[in-house]
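Presented below is the structure to which this report refers.
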Amino acid sequence: MLTQSNTLIIDMWYSFDTPGLYTIKPTLTAKIKTRAGELTSIAHGLIQVTVVPRNEERLRRRAKELVVLAGILTMGNITSGAEILSYFKDAAAVPSLQGLLTGQHWLNQPYAIRGLERIADYQSVSILIEQYNKEVGIERRSLRMSLYKIGASTRHLKVATLVANAIEDPSLMEGL
């Protein structure tokens, strides 16, 4: 029998900001072929997830573990540690994301950029700008696009000013 498993990053679709017990009903929309050759859909199940209060030390430790996992670049690792880490929307992940951004494995860089973009605080934006000023070519364009998104969506004057000055686009300051 052929089986397949994959990591599900729930925060891709919904942000669990409040501690508590959540019940999730995943649905597979694609049909699968049975041993008999018939197409069928998989029965739905329920997954219960408990979200605990924020623990900065635990978040930092998990972020570091994911950086180690991100260093193991194998084709069988469908969801990498870098991708999982990119969904940490917490300042505790910033040092680990910075390590991925400036690390040896260039395949992790897009995940680090997206992760820092999701956090979008002064520290993460400063790191993106520092890397933006070092990069050339495609990497620089990717960083600029990320900074532009932050500048266009932030409601923090300090962050918007930092971004506008870095990418030389004063229009990002309009409406603040």
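Residue names in the structure tokens use chain letters A, B, ... in the order shown, residue numbers from 1 in each chain, and ligand numbers from 1 in the order shown.
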Fewer than 5 positions away in the same chain doesn't count, so skip those; otherwise give me all residues within 10 Å of Gly71 (chain A), counting only C-alpha atoms, as a PDB file with N, CA and C atoms, in the first residue's frame.
```pdb
ATOM      1  N   LEU A  66      14.273  24.729  13.667  1.00  0.00           N
ATOM      2  CA  LEU A  66      13.850  24.793  12.266  1.00  0.00           C
ATOM      3  C   LEU A  66      14.985  25.261  11.360  1.00  0.00           C
ATOM      4  N   SER A  80      10.047  22.354   4.141  1.00  0.00           N
ATOM      5  CA  SER A  80      11.329  22.545   4.807  1.00  0.00           C
ATOM      6  C   SER A  80      11.169  23.310   6.114  1.00  0.00           C
ATOM      7  N   GLY A  81      12.187  23.213   6.942  1.00  0.00           N
ATOM      8  CA  GLY A  81      12.213  23.996   8.170  1.00  0.00           C
ATOM      9  C   GLY A  81      12.126  25.476   7.878  1.00  0.00           C
ATOM     10  N   ALA A  82      12.728  25.909   6.777  1.00  0.00           N
ATOM     11  CA  ALA A  82      12.698  27.325   6.406  1.00  0.00           C
ATOM     12  C   ALA A  82      11.276  27.777   6.100  1.00  0.00           C
ATOM     13  N   LEU A 100      18.881  32.558   8.357  1.00  0.00           N
ATOM     14  CA  LEU A 100      18.527  31.945   7.071  1.00  0.00           C
ATOM     15  C   LEU A 100      18.777  32.904   5.915  1.00  0.00           C
ATOM     16  N   GLY A 103      22.534  33.096   5.422  1.00  0.00           N
ATOM     17  CA  GLY A 103      23.237  31.815   5.496  1.00  0.00           C
ATOM     18  C   GLY A 103      23.722  31.297   4.153  1.00  0.00           C
ATOM     19  N   GLN A 104      24.278  30.090   4.215  1.00  0.00           N
ATOM     20  CA  GLN A 104      24.904  29.466   3.042  1.00  0.00           C
ATOM     21  C   GLN A 104      23.902  28.910   2.035  1.00  0.00           C
ATOM     22  N   HIS A 105      22.739  28.505   2.518  1.00  0.00           N
ATOM     23  CA  HIS A 105      21.781  27.848   1.634  1.00  0.00           C
ATOM     24  C   HIS A 105      20.871  28.886   0.980  1.00  0.00           C
ATOM     25  N   LEU A 107      18.674  28.628  -1.151  1.00  0.00           N
ATOM     26  CA  LEU A 107      17.286  28.194  -1.347  1.00  0.00           C
ATOM     27  C   LEU A 107      16.385  28.618  -0.187  1.00  0.00           C
ATOM     28  N   ASN A 108      16.979  28.888   0.970  1.00  0.00           N
ATOM     29  CA  ASN A 108      16.198  29.307   2.134  1.00  0.00           C
ATOM     30  C   ASN A 108      15.914  30.805   2.140  1.00  0.00           C
TER      31      ASN A 108
END
```
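Minimum distance to Gln48 (chain A) across A:Ile9, A:Val125, A:Ile84, A:Leu21 (counting only C-alpha atoms) occurs at A:Leu21.
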Excluding region 128-140 of chain A and its own-chain neighbours fewer than 6 positions away, which residues fall within 12 Å of it when counting only C-alpha atoms? Please give them as number ranges by chain. A: 94, 97-103, 106-110, 112-122, 146-148, 150-151, 159, 162-168
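In this comparison, which uses only C-alpha atoms, the residue of A:Val52, A:Gly45, A:Ser142, A:Asp17 approaching Asp90 (chain A) most closely is A:Asp17.
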Do a neighbour search on Asn55 (chain A) at 12 Å with only C-alpha atoms, toss out local chain neighbours closer than 4 positions, and write the hits as JSON, numbers by chain. {"A": [19, 51, 59, 60, 61, 62, 90, 91, 92, 93]}
DSSP says helix (DSSP H, G or I) for which residues of region 28-161 of chain A? Put them as number ranges by chain? A: 56-70, 81-85, 91-102, 106-119, 122-134, 137-153, 157-161
Name the residues in contact with Ser41 (chain A) at a cut-off of 8 Å, using only C-alpha atoms, excluding same-chain residues fewer than 5 positions from it; report them as an mmCIF file with C-alpha atoms, in the first residue's frame.
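Result file follows (selection-v9.cif):
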```cif
data_model
loop_
_atom_site.group_PDB
_atom_site.id
_atom_site.type_symbol
_atom_site.label_atom_id
_atom_site.label_comp_id
_atom_site.auth_asym_id
_atom_site.auth_seq_id
_atom_site.Cartn_x
_atom_site.Cartn_y
_atom_site.Cartn_z
ATOM 1 C CA LEU A 28 -9.039 16.888 0.470
ATOM 2 C CA THR A 29 -10.589 18.315 -2.670
ATOM 3 C CA ALA A 30 -8.756 16.030 -5.079
ATOM 4 C CA LYS A 31 -9.921 12.506 -5.859
ATOM 5 C CA ILE A 32 -7.601 9.566 -5.230
#
```
